[in-house]
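Peer 1: I am attaching a structure below and will ask some questions about it afterwards.
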Amino acid sequence: MTAAQWLLLFSWAGLTLYALFGGADFGGGFWDALAGGARRGRAQRELIEHSIGPVWEANHVWLIFVLVMFWTCFPGVFASVCSTLYIPLTLVAIGIIARGAAFAFRKASTELWQQRLFGGAFALSSVLTPFFLGTIAGGVASGRVPYGLAAGGIVTSWWNATSLMAGALAVGATAYLAAVYLTADARRGGDPGLADVFRRRGLWTAAVTGVVAILGIFVVRVDAPSLYTGLTGRALPLVVVSGVAGLASMVALAFRRYALARVTAALAVAAVLWGWAVAQYPVMLPPGVTVPEAAADPAVLHATLGTVIAGMVLLVPSLLWLYVLFQRPAPGPSSKTTDR
């Protein structure tokens, strides 16, 4: 493999991790909005805050990593996407900022009206941000982002059938991941009743998202035929894996096998992303801008590849240790130590 191919592989792996971890954070905001009133929804909101709090900023590392990688290694593609899709990209940036600020301000607020205001902002941005991220993906995948500065339609590039379908699928997938992850967190926290609440939500969200995905196949067939050809051709095994993993996660949830449900749910979402990549490869911007054509100077690629490998040696073990520590059961009263 060439340096450009390795860097593209690392970038897509980073995008996948952002979808699986950052996506679940967005989904947590979705369920925060549906938790109910201040008293009835208190337990759900406390679980959501506890689940996303310790790894909040860690998840955005993957988004920053992906942006820097494309900016450095595939600058023409980065410029084309940013200049054509600047409207949804701006809305995504506003959503991420508003979401983080609202999450922090709600925890610090003492008045009920303030908590409701910031809670509403947190929930709304948690839904709109993945939606616009999905519309961006749909615009690129459907070939509506030509190579060049602002060469595509600033509205039609992301407001089209494929983009709207991808946006709805992104919202559904994030809500689905969050519900599945929260079931295990609730059980580990000693609240089986709350785990059952999110178990039921995970089941119906998986069903709704599956219907959206099936309908999306017909949308792509009409609106993005080249993408449809790739998905039903060499990427078909990954499409099948996504469907089977999604069904397996529903079965695991039904039988309260929450750890298994987490794995299969993550696999279902990851297979969708990698199916898109396989269907489109080696084209980065349809219809014909390939990886070698879009890659930066070889000297830049080799320097970046070495830096990425060195950085992974430091970053990946640290993040793994963070997740391991966070997934440990909370200590019981007898094991707590006195604060110093």
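Ligands are numbered from 1 in the order shown, residues from 1 within each chain, and chains are lettered A, B, ... in the order they appear in the structure tokens.
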Between range 192-273 of chain A and range 145-168 of chain A, at 7 Å or less, what are the per-residue closest atom pairs and their distances in Å? Count only C-alpha atoms, order by chain and rising residue number, and return it as JSON lines.
Peer 2:
{"residue": "A:Gly216", "atom": "CA", "partner": "A:Met165", "partner_atom": "CA", "distance": 6.1}
{"residue": "A:Val219", "atom": "CA", "partner": "A:Thr162", "partner_atom": "CA", "distance": 6.4}
{"residue": "A:Val220", "atom": "CA", "partner": "A:Thr162", "partner_atom": "CA", "distance": 6.1}
{"residue": "A:Asp223", "atom": "CA", "partner": "A:Thr162", "partner_atom": "CA", "distance": 6.4}
Peer 1: Grab the residues selected above and save them as a PDB file, in the first residue's frame with C-alpha atoms.
Peer 2:
ATOM      1  CA  GLY A 216     -32.520   4.505   1.626  1.00  0.00           C
ATOM      2  CA  VAL A 219     -33.484   6.450  -2.712  1.00  0.00           C
ATOM      3  CA  VAL A 220     -29.838   5.847  -3.607  1.00  0.00           C
ATOM      4  CA  ASP A 223     -30.693   9.574  -6.858  1.00  0.00           C
TER       5      ASP A 223
END
Peer 1: May I have the residues within 8 Å of Pro130 in chain A as a ChimeraX atom specification, using only C-alpha atoms and disregarding those fewer than 5 positions away in the same chain?
Peer 2: /A:23,26,92,167,170-171,174
Peer 1: What's around range 193-201 of chain A at 12 Å? Count only C-alpha atoms, leave out sequence neighbours fewer than 6 positions away in its own chain, and write the answer as a count of residues only.
Peer 2: 45
Peer 1: What are the closest atom pairs, with distances in Å to one decimal, for all residues of range 236-326 of chain A lying within 10 Å of range 58-67 of chain A? Consider only C-alpha atoms, order rows by chain and residue number, and present the result as a tab-separated table.
Peer 2:
residue	atom	partner	partner_atom	distance
A:Val308	CA	A:Phe65	CA	9.5
A:Leu315	CA	A:Val61	CA	9.7
A:Leu319	CA	A:Ala58	CA	7.5
A:Leu322	CA	A:Ala58	CA	9.1
A:Tyr323	CA	A:Ala58	CA	9.9
Peer 1: Just all heavy atoms for this one: save the residues we selected as a PDB file, in the first residue's frame.
Peer 2:
ATOM      1  N   VAL A 308       1.784  10.216  12.394  1.00  0.00           N
ATOM      2  CA  VAL A 308       0.572   9.531  12.836  1.00  0.00           C
ATOM      3  C   VAL A 308       0.912   8.252  13.603  1.00  0.00           C
ATOM      4  O   VAL A 308       0.343   7.974  14.666  1.00  0.00           O
ATOM      5  CB  VAL A 308      -0.334   9.216  11.630  1.00  0.00           C
ATOM      6  CG1 VAL A 308      -1.444   8.245  12.023  1.00  0.00           C
ATOM      7  CG2 VAL A 308      -0.926  10.494  11.068  1.00  0.00           C
ATOM      8  N   LEU A 315      -1.314   8.013  21.921  1.00  0.00           N
ATOM      9  CA  LEU A 315      -2.728   8.330  22.090  1.00  0.00           C
ATOM     10  C   LEU A 315      -3.585   7.099  22.356  1.00  0.00           C
ATOM     11  O   LEU A 315      -4.399   7.085  23.292  1.00  0.00           O
ATOM     12  CB  LEU A 315      -3.243   9.060  20.843  1.00  0.00           C
ATOM     13  CG  LEU A 315      -4.744   9.365  20.813  1.00  0.00           C
ATOM     14  CD1 LEU A 315      -5.111  10.331  21.924  1.00  0.00           C
ATOM     15  CD2 LEU A 315      -5.152   9.934  19.459  1.00  0.00           C
ATOM     16  N   LEU A 319      -6.229   6.439  25.531  1.00  0.00           N
ATOM     17  CA  LEU A 319      -7.678   6.401  25.384  1.00  0.00           C
ATOM     18  C   LEU A 319      -8.252   5.059  25.832  1.00  0.00           C
ATOM     19  O   LEU A 319      -9.309   5.004  26.469  1.00  0.00           O
ATOM     20  CB  LEU A 319      -8.051   6.676  23.920  1.00  0.00           C
ATOM     21  CG  LEU A 319      -7.888   8.127  23.454  1.00  0.00           C
ATOM     22  CD1 LEU A 319      -8.178   8.244  21.967  1.00  0.00           C
ATOM     23  CD2 LEU A 319      -8.802   9.061  24.237  1.00  0.00           C
ATOM     24  N   LEU A 322      -8.433   5.091  29.499  1.00  0.00           N
ATOM     25  CA  LEU A 322      -9.546   5.930  29.940  1.00  0.00           C
ATOM     26  C   LEU A 322     -10.861   5.161  29.878  1.00  0.00           C
ATOM     27  O   LEU A 322     -11.651   5.167  30.833  1.00  0.00           O
ATOM     28  CB  LEU A 322      -9.625   7.183  29.068  1.00  0.00           C
ATOM     29  CG  LEU A 322     -10.844   8.089  29.291  1.00  0.00           C
ATOM     30  CD1 LEU A 322     -10.827   8.692  30.690  1.00  0.00           C
ATOM     31  CD2 LEU A 322     -10.890   9.191  28.233  1.00  0.00           C
ATOM     32  N   TYR A 323     -11.111   4.481  28.762  1.00  0.00           N
ATOM     33  CA  TYR A 323     -12.350   3.728  28.608  1.00  0.00           C
ATOM     34  C   TYR A 323     -12.423   2.560  29.585  1.00  0.00           C
ATOM     35  O   TYR A 323     -13.488   2.259  30.132  1.00  0.00           O
ATOM     36  CB  TYR A 323     -12.493   3.222  27.169  1.00  0.00           C
ATOM     37  CG  TYR A 323     -12.673   4.325  26.141  1.00  0.00           C
ATOM     38  CD1 TYR A 323     -11.960   4.332  24.949  1.00  0.00           C
ATOM     39  CD2 TYR A 323     -13.563   5.373  26.377  1.00  0.00           C
ATOM     40  CE1 TYR A 323     -12.120   5.349  24.024  1.00  0.00           C
ATOM     41  CE2 TYR A 323     -13.725   6.387  25.458  1.00  0.00           C
ATOM     42  CZ  TYR A 323     -13.011   6.375  24.279  1.00  0.00           C
ATOM     43  OH  TYR A 323     -13.176   7.386  23.366  1.00  0.00           O
TER      44      TYR A 323
END
Peer 1: I need the alpha helix (DSSP H) residues of range 82-239 of chain A per DSSP on the backbone, written as number ranges by chain.
Peer 2: A: 82-84, 86-108, 112-141, 161-188, 192-223, 225-231, 236-239
Peer 1: For Leu203 in chain A, which of A:Val244, A:Tyr281, A:Ala265, A:Arg188 is the closest residue, counting only C-alpha atoms?
Peer 2: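 Ranked by minimum distance to Leu203 in chain A, first place goes to A:Ala265.
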Peer 1: Nearest residue to Arg106 in chain A out of A:Val140, A:Glu49, A:Met69, A:Ile217, using only C-alpha atoms?
Peer 2: A:Glu49
